Amino acid sequence: MNTNYRRTMYAGFIGYIVQAIVNNFVPLLFVTFQADYGIPLSKITMLITVNFVIQLLVDLLSAVFIDRIGYKASVLIAHGCAAAGLICLAVLPDMTADPYAGLLAGVVIYAVGGGLIEVLISPIIEACPTENKEKAMSLLHSFYCWGHVGVVLLSTLFFALAGIENWKILTFVWALIPIANGILFAGAPVRSLSSDGEEEMGLRSLLSSKIFWIMMLMMVCAGASEQAVSQWASTFAEEGLGVSKAVGDLAGPMAFAFFMGTSRLIYGKFGHRLNLDRFMMGSCILCILSYLWISLIPVPFLGLAGCAACGFSVGILWPGSFSKASAAIRGGGTTMFALLALAGDLGCSGGPTFAGLISSRFGNDLHKGILAAIIFPVLLLIGMMLHRRTVSRRMEA
């Protein structure tokens, strides 16, 4: 691959680390916000909801404006918003009459950056002249997992050494990463998916495509399969290891993210030797088994191990679905990637909500909620079979 495009690839990988910072740093500060600013926990947890709602809106709207202003301009805006939002998070609460308004403003700004990064980075990497795009896509998405683990570990280490009262210093440090990566992107060549002269499908053509809706189903189920367990992993860690909530919040989600990243790294390294269809179907089956493992084996420590196995099983599902959509729908372009990201995010929010609602109907029995959520990996496996049959019929025709 051209050396210049290696710079683009590296910037794309770091872009997903920026996404991990945006999504996973602020939840570590919830107790601090509550103590320092006297904000009720119910309002603080709304910050996560606002973050993902804004990202969903950006997913939806980006299909309209990204192609008009170009990939490079959009990705620079994304990194600028991510950095500005983190800086505002540290500065605005002390400058506004209501500290919560300052926190909310910072979250809204960096959420715009996070939403753009999610829509842009995958098509930018897909458009790079690489030999095995499925490997590149899997490796790309593994960086979100490593970023998640790094944010939690390094932030925890900083708080232990410097004190959590110095969180604003760390926020400025994290803001340096999108600034530096924006500079890296500024000097990197960025191709669009239509750079090869391939005509891009219109929205109407995309929506009338049967295989597009199969891919949308797969993306919803990939997001839901991932987050239905990930969001409850800390609870299993607390029960399984008998540790405090703070330690559980670290152990559970970190184990899940580590094994999810490992799965993506394996395919990113050895994807040229592996069949993506078989790898994804095997992962779906492992995901179903891990859901049964978590929900039916009444041993808390084994439940935590089941969460780790689930993390490994869902690793390839999101990037693999992106790769399969790009290969099956030629000319889908930015619109397709934006809508797929929207579907994935809907799954990420709907999966844990569905599991939580079912759990509450059975006396807050989380095992019942996870058992009900097995519908998501089952539907994903069905989607894989429908995808294979549709592609086979198209090739025969």
# chains A, B, ... in the order shown; residues from 1 in each chain; ligands from 1
>>> closest_atom_pairs(of="region 139-180 of chain A", to="region 61-80 of chain A", cutoff="9 Å", atoms="only C-alpha atoms", output="JSON lines")
{"residue": "A:Ile177", "atom": "CA", "partner": "A:His79", "partner_atom": "CA", "distance": 8.9}
{"residue": "A:Pro178", "atom": "CA", "partner": "A:His79", "partner_atom": "CA", "distance": 5.1}
{"residue": "A:Ile179", "atom": "CA", "partner": "A:His79", "partner_atom": "CA", "distance": 6.6}
>>> closest_atom_pairs(of="region 134-235 of chain A", to="region 32-51 of chain A", cutoff="10 Å", atoms="only C-alpha atoms", output="Markdown table")
| residue | atom | partner | partner_atom | distance |
| --- | --- | --- | --- | --- |
| A:Ile164 | CA | A:Thr32 | CA | 7.6 |
| A:Glu165 | CA | A:Thr32 | CA | 7.9 |
| A:Trp167 | CA | A:Thr32 | CA | 8.9 |
>>> write_last_selection(atoms="C-alpha atoms", output="mmCIF file, in the first residue's frame")
data_model
loop_
_atom_site.group_PDB
_atom_site.id
_atom_site.type_symbol
_atom_site.label_atom_id
_atom_site.label_comp_id
_atom_site.auth_asym_id
_atom_site.auth_seq_id
_atom_site.Cartn_x
_atom_site.Cartn_y
_atom_site.Cartn_z
ATOM 1 C CA ILE A 164 -9.539 12.363 41.363
ATOM 2 C CA GLU A 165 -9.848 16.047 42.259
ATOM 3 C CA TRP A 167 -9.702 15.179 36.777
#
>>> closest_residue(among="A:Gly356, A:Gly320, A:Gly303, A:Pro298", to="Leu276 (chain A)", atoms="only C-alpha atoms")
A:Gly320
>>> atom_distance(atom1="CA of Leu206 (chain A)", atom2="CA of Leu317 (chain A)")
21.7 Å
>>> residues_around(residues="Ser209 (chain A)", least_positions_apart="5", cutoff="10 Å", atoms="only C-alpha atoms", output="number ranges by chain")
A: 204, 214, 329
>>> residues_around(residues="Ser263 (chain A)", least_positions_apart="5", cutoff="7 Å", atoms="only C-alpha atoms", output="VMD selection string")
chain A and resid 312 315 to 316
>>> select_by_dssp(residues="region 193-340 of chain A", states="helix (DSSP H, G or I)", output="JSON list (two decimals) with C-alpha atoms, in the first residue's frame")
[["chain", "number", "residue", "atom", "x", "y", "z"],
["A", 203, "LEU", "CA", -31.36, 6.81, -1.06],
["A", 204, "ARG", "CA", -34.43, 5.46, -2.85],
["A", 205, "SER", "CA", -32.42, 2.74, -4.61],
["A", 206, "LEU", "CA", -30.74, 1.82, -1.34],
["A", 207, "LEU", "CA", -34.04, 1.54, 0.54],
["A", 210, "LYS", "CA", -33.56, -6.35, -0.11],
["A", 211, "ILE", "CA", -29.98, -7.03, 0.92],
["A", 212, "PHE", "CA", -29.70, -3.53, 2.43],
["A", 213, "TRP", "CA", -32.49, -4.33, 4.87],
["A", 214, "ILE", "CA", -30.86, -7.65, 5.71],
["A", 215, "MET", "CA", -27.67, -5.71, 6.55],
["A", 216, "MET", "CA", -29.68, -3.21, 8.64],
["A", 217, "LEU", "CA", -31.17, -6.13, 10.61],
["A", 218, "MET", "CA", -27.68, -7.55, 11.11],
["A", 219, "MET", "CA", -26.33, -4.20, 12.34],
["A", 220, "VAL", "CA", -29.19, -3.71, 14.83],
["A", 221, "CYS", "CA", -28.65, -7.22, 16.17],
["A", 222, "ALA", "CA", -24.86, -6.82, 16.26],
["A", 223, "GLY", "CA", -25.18, -3.68, 18.40],
["A", 224, "ALA", "CA", -27.85, -5.24, 20.63],
["A", 225, "SER", "CA", -25.92, -8.53, 21.06],
["A", 226, "GLU", "CA", -22.86, -6.55, 22.12],
["A", 227, "GLN", "CA", -24.42, -4.09, 24.54],
["A", 228, "ALA", "CA", -27.14, -6.27, 26.10],
["A", 229, "VAL", "CA", -24.35, -8.05, 28.00],
["A", 230, "SER", "CA", -21.68, -5.33, 28.05],
["A", 233, "ALA", "CA", -21.03, -6.82, 32.86],
["A", 234, "SER", "CA", -20.17, -4.74, 35.94],
["A", 235, "THR", "CA", -23.12, -6.31, 37.81],
["A", 236, "PHE", "CA", -21.84, -9.80, 37.05],
["A", 237, "ALA", "CA", -18.35, -8.75, 38.20],
["A", 238, "GLU", "CA", -19.70, -7.46, 41.52],
["A", 239, "GLU", "CA", -21.67, -10.66, 42.14],
["A", 240, "GLY", "CA", -19.06, -13.06, 40.79],
["A", 241, "LEU", "CA", -15.99, -11.58, 42.48],
["A", 245, "LYS", "CA", -19.29, -1.42, 42.56],
["A", 246, "ALA", "CA", -16.26, 0.70, 41.63],
["A", 247, "VAL", "CA", -14.07, -2.37, 41.10],
["A", 248, "GLY", "CA", -16.94, -4.15, 39.33],
["A", 249, "ASP", "CA", -17.30, -1.25, 36.91],
["A", 250, "LEU", "CA", -13.66, -1.79, 35.96],
["A", 251, "ALA", "CA", -13.42, -5.59, 35.94],
["A", 252, "GLY", "CA", -16.62, -6.48, 34.06],
["A", 253, "PRO", "CA", -16.62, -4.02, 31.13],
["A", 254, "MET", "CA", -12.83, -4.21, 30.78],
["A", 255, "ALA", "CA", -12.86, -8.02, 30.49],
["A", 256, "PHE", "CA", -15.64, -7.75, 27.90],
["A", 257, "ALA", "CA", -13.77, -5.06, 25.90],
["A", 258, "PHE", "CA", -10.46, -6.93, 26.09],
["A", 259, "PHE", "CA", -11.84, -10.15, 24.64],
["A", 260, "MET", "CA", -13.91, -8.27, 22.05],
["A", 261, "GLY", "CA", -10.72, -6.49, 20.94],
["A", 262, "THR", "CA", -8.85, -9.81, 20.88],
["A", 263, "SER", "CA", -11.43, -11.30, 18.49],
["A", 264, "ARG", "CA", -11.12, -8.31, 16.15],
["A", 265, "LEU", "CA", -7.32, -8.40, 16.37],
["A", 266, "ILE", "CA", -7.24, -12.11, 15.45],
["A", 267, "TYR", "CA", -9.26, -11.49, 12.31],
["A", 268, "GLY", "CA", -7.28, -8.32, 11.58],
["A", 269, "LYS", "CA", -4.07, -10.36, 11.73],
["A", 270, "PHE", "CA", -5.11, -13.65, 10.15],
["A", 271, "GLY", "CA", -8.17, -12.66, 8.13],
["A", 272, "HIS", "CA", -6.49, -13.67, 4.86],
["A", 273, "ARG", "CA", -6.54, -17.27, 6.14],
["A", 276, "LEU", "CA", -15.48, -14.20, 7.04],
["A", 277, "ASP", "CA", -18.83, -16.00, 6.65],
["A", 278, "ARG", "CA", -17.69, -18.95, 8.75],
["A", 279, "PHE", "CA", -16.00, -16.73, 11.32],
["A", 280, "MET", "CA", -19.16, -14.65, 11.75],
["A", 281, "MET", "CA", -21.49, -17.66, 11.89],
["A", 282, "GLY", "CA", -19.22, -19.36, 14.42],
["A", 283, "SER", "CA", -19.21, -16.15, 16.44],
["A", 284, "CYS", "CA", -23.03, -15.99, 16.34],
["A", 285, "ILE", "CA", -23.24, -19.56, 17.64],
["A", 286, "LEU", "CA", -20.70, -18.81, 20.39],
["A", 287, "CYS", "CA", -22.68, -15.68, 21.27],
["A", 288, "ILE", "CA", -25.90, -17.73, 21.63],
["A", 289, "LEU", "CA", -24.07, -20.28, 23.80],
["A", 290, "SER", "CA", -22.57, -17.52, 25.97],
["A", 291, "TYR", "CA", -26.04, -16.01, 26.51],
["A", 292, "LEU", "CA", -27.29, -19.43, 27.63],
["A", 293, "TRP", "CA", -24.19, -19.80, 29.79],
["A", 294, "ILE", "CA", -24.74, -16.44, 31.52],
["A", 295, "SER", "CA", -28.47, -16.86, 32.04],
["A", 296, "LEU", "CA", -28.81, -20.54, 32.97],
["A", 300, "PRO", "CA", -21.84, -15.81, 39.66],
["A", 301, "PHE", "CA", -18.15, -16.28, 38.87],
["A", 302, "LEU", "CA", -19.02, -18.38, 35.82],
["A", 303, "GLY", "CA", -21.41, -15.60, 34.81],
["A", 304, "LEU", "CA", -18.45, -13.23, 34.65],
["A", 305, "ALA", "CA", -16.53, -15.76, 32.53],
["A", 306, "GLY", "CA", -19.58, -15.97, 30.27],
["A", 307, "CYS", "CA", -19.41, -12.18, 29.82],
["A", 308, "ALA", "CA", -15.79, -12.50, 28.66],
["A", 309, "ALA", "CA", -16.77, -15.28, 26.22],
["A", 310, "CYS", "CA", -19.61, -13.09, 24.94],
["A", 311, "GLY", "CA", -17.13, -10.24, 24.39],
["A", 312, "PHE", "CA", -15.01, -12.50, 22.19],
["A", 313, "SER", "CA", -18.06, -13.75, 20.29],
["A", 314, "VAL", "CA", -19.42, -10.30, 19.36],
["A", 317, "LEU", "CA", -20.10, -8.97, 14.23],
["A", 318, "TRP", "CA", -20.08, -5.16, 13.83],
["A", 319, "PRO", "CA", -16.99, -4.74, 11.57],
["A", 320, "GLY", "CA", -17.86, -7.94, 9.68],
["A", 321, "SER", "CA", -21.35, -6.61, 8.91],
["A", 322, "PHE", "CA", -19.83, -3.36, 7.62],
["A", 323, "SER", "CA", -17.47, -5.32, 5.35],
["A", 324, "LYS", "CA", -20.21, -7.59, 4.03],
["A", 325, "ALA", "CA", -22.47, -4.62, 3.31],
["A", 326, "SER", "CA", -19.70, -2.83, 1.41],
["A", 327, "ALA", "CA", -19.01, -5.93, -0.68],
["A", 328, "ALA", "CA", -22.67, -6.76, -1.36],
["A", 333, "GLY", "CA", -21.42, 5.07, -0.30],
["A", 334, "THR", "CA", -21.67, 7.43, 2.65],
["A", 335, "THR", "CA", -25.44, 7.10, 2.89],
["A", 336, "MET", "CA", -25.18, 3.35, 3.43],
["A", 337, "PHE", "CA", -22.47, 3.65, 6.09],
["A", 338, "ALA", "CA", -24.42, 6.39, 7.90],
["A", 339, "LEU", "CA", -27.62, 4.31, 7.98],
["A", 340, "LEU", "CA", -25.72, 1.19, 9.07]]
>>> residues_around(residues="Tyr16 (chain A)", least_positions_apart="6", cutoff="9 Å", atoms="only C-alpha atoms", output="VMD selection string")
chain A and resid 117 to 118 121 140 to 145 147
>>> residues_around(residues="Ala127 (chain A)", least_positions_apart="5", cutoff="12 Å", atoms="only C-alpha atoms", output="MDAnalysis selection string")
chainID A and resid 5 8:9 12 71 120:122 132:134 136:137 189:196 198 323 326:327 331 333:334
>>> residues_around(residues="Ile87 (chain A)", least_positions_apart="4", cutoff="12 Å", atoms="only C-alpha atoms", output="number ranges by chain")
A: 22, 80-83, 91-93, 102-103, 105-107, 109-110, 167-179
>>> atom_distance(atom1="CA of Asn181 (chain A)", atom2="CA of Gly15 (chain A)")
7.0 Å
>>> atom_distance(atom1="CA of Gly202 (chain A)", atom2="CA of Glu126 (chain A)")
19.3 Å
